[in-house]
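A quick write-up on the structure given underneath.
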Amino acid sequence: MNEVELSRALRALRRTVGMLRTELRHGRLDDELMARIDTLLEDGIGTDVRSAELRGFVDALRESTLTPRAELVADTVRACDKLSDAIEGVLGRLG
C-alpha cells in the first residue's frame with residue numbers, strides 16, 4: 001500500500017469510527033459499522049507496518065462491545081476516541 005492509498009484508507013477508517021461514535025451516543029451499536037472497521041483493517045491498514053499499531057485499538061474497541069453492561073456505551077465511545085487519536089497519529093506521521 002503506498003502512502004496515498006494508506007492515507008485514504010485511514011481517513012475512511014476515521015470517518016467510520018466517527019459514525020460509530022455518533023450511533024453509540026444515540027444508544028445504538030451499529031454492527032455494519034463494526035464490520036466496516038474490520039474490513040478496512042483487513043484490507044491493508046492492519047498489515048501495513050506504518051499503521052499496524054491500530055490493530056490493538058480496534059481489538060480494544062471490539063472487546064468493549066462484547067459483554068452487555070451498563071458501561072458498554074461509555075466504554076465503547078472511549079475506545080472510539082482512542083482509536084481516532086491513534087489514526088490521527090499515523091496520519092500525522094505520513095505527512
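Each chain of the C-alpha cells is named A, B, ... in the order shown, its residues numbered from 1; ligands are numbered from 1 in display order.
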
### Message
When you look at Arg11 in chain A with a cut-off of 12 Å (counting only C-alpha atoms), what residues show up, excluding the ones that are within fewer than 2 positions of it in the same chain? I need them as a list in words.
### Response
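Near neighbours after the sequence-gap exclusion: Val4, Glu5, Leu6, Ser7, Arg8, Ala9, Leu13, Arg14, Arg15, Thr16, Val17, Gly18, Ile37, Leu40, Ile45, Ser84, Ala86, Ile87, Glu88, Gly89, Val90, Leu91 and Gly92 of chain A.
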
### Query
Of the residues A:Ala52, A:Leu94, A:Val58, A:Cys80, which is the one nearest to Leu20 in chain A, using only C-alpha atoms?
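Closest residue, counting only C-alpha atoms: A:Cys80.
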
### Task
Using only C-alpha atoms, find the one residue out of A:Glu71, A:Leu10, A:Gly44, A:Met34 that sits nearest to Asp59 in chain A.
A:Met34

### Task
Rank nothing, just name the residue among A:Glu3, A:Asp31, A:Glu53, A:Glu23 nearest to Val77 in chain A, using only C-alpha atoms.
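Looking at the shortest contact to Val77 in chain A, the residue is A:Glu23.
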
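CA of Leu72 in chain A sits 24.9 Å away from CA of Glu42 in chain A.
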
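Residues surrounding Ala79 in chain A within 9 Å are A:Phe57, A:Val58, A:Ala60, A:Leu61, A:Arg62, A:Ser64, A:Ala74, A:Asp75, A:Thr76, A:Lys82, A:Leu83, A:Ser84 [only C-alpha atoms; sequence separation below 3 positions excluded].
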
Export of the given selection (N, CA, C and O atoms) as an mmCIF file, in the first residue's frame:
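For reference, again26.cif as written:
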```
data_model
loop_
_atom_site.group_PDB
_atom_site.id
_atom_site.type_symbol
_atom_site.label_atom_id
_atom_site.label_comp_id
_atom_site.auth_asym_id
_atom_site.auth_seq_id
_atom_site.Cartn_x
_atom_site.Cartn_y
_atom_site.Cartn_z
ATOM 1 N N PHE A 57 -5.918 -1.150 18.933
ATOM 2 C CA PHE A 57 -7.012 -0.228 19.246
ATOM 3 C C PHE A 57 -8.346 -0.756 18.730
ATOM 4 O O PHE A 57 -9.375 -0.616 19.392
ATOM 5 N N VAL A 58 -8.322 -1.379 17.542
ATOM 6 C CA VAL A 58 -9.549 -1.965 17.003
ATOM 7 C C VAL A 58 -9.968 -3.169 17.847
ATOM 8 O O VAL A 58 -11.152 -3.356 18.131
ATOM 9 N N ALA A 60 -9.419 -3.547 21.035
ATOM 10 C CA ALA A 60 -9.983 -2.996 22.268
ATOM 11 C C ALA A 60 -11.406 -2.492 22.029
ATOM 12 O O ALA A 60 -12.293 -2.688 22.869
ATOM 13 N N LEU A 61 -11.632 -1.867 20.880
ATOM 14 C CA LEU A 61 -12.967 -1.395 20.525
ATOM 15 C C LEU A 61 -13.923 -2.582 20.422
ATOM 16 O O LEU A 61 -15.011 -2.574 21.006
ATOM 17 N N ARG A 62 -13.511 -3.604 19.713
ATOM 18 C CA ARG A 62 -14.352 -4.791 19.538
ATOM 19 C C ARG A 62 -14.653 -5.442 20.891
ATOM 20 O O ARG A 62 -15.786 -5.812 21.168
ATOM 21 N N SER A 64 -14.775 -4.092 23.773
ATOM 22 C CA SER A 64 -15.651 -3.266 24.608
ATOM 23 C C SER A 64 -17.127 -3.479 24.277
ATOM 24 O O SER A 64 -17.996 -3.117 25.063
ATOM 25 N N ALA A 74 -20.428 3.950 27.134
ATOM 26 C CA ALA A 74 -19.347 4.850 27.541
ATOM 27 C C ALA A 74 -17.983 4.242 27.248
ATOM 28 O O ALA A 74 -17.086 4.927 26.738
ATOM 29 N N ASP A 75 -17.814 2.961 27.534
ATOM 30 C CA ASP A 75 -16.542 2.290 27.268
ATOM 31 C C ASP A 75 -16.246 2.237 25.773
ATOM 32 O O ASP A 75 -15.101 2.427 25.350
ATOM 33 N N THR A 76 -17.256 1.984 24.984
ATOM 34 C CA THR A 76 -17.058 1.878 23.540
ATOM 35 C C THR A 76 -16.789 3.246 22.927
ATOM 36 O O THR A 76 -15.962 3.373 22.023
ATOM 37 N N LYS A 82 -9.982 6.719 21.483
ATOM 38 C CA LYS A 82 -8.579 6.276 21.466
ATOM 39 C C LYS A 82 -8.163 5.834 20.068
ATOM 40 O O LYS A 82 -7.049 6.147 19.620
ATOM 41 N N LEU A 83 -9.042 5.125 19.379
ATOM 42 C CA LEU A 83 -8.742 4.704 18.023
ATOM 43 C C LEU A 83 -8.609 5.917 17.104
ATOM 44 O O LEU A 83 -7.677 5.992 16.297
ATOM 45 N N SER A 84 -9.495 6.881 17.240
ATOM 46 C CA SER A 84 -9.414 8.099 16.425
ATOM 47 C C SER A 84 -8.106 8.833 16.657
ATOM 48 O O SER A 84 -7.463 9.295 15.706
#
```
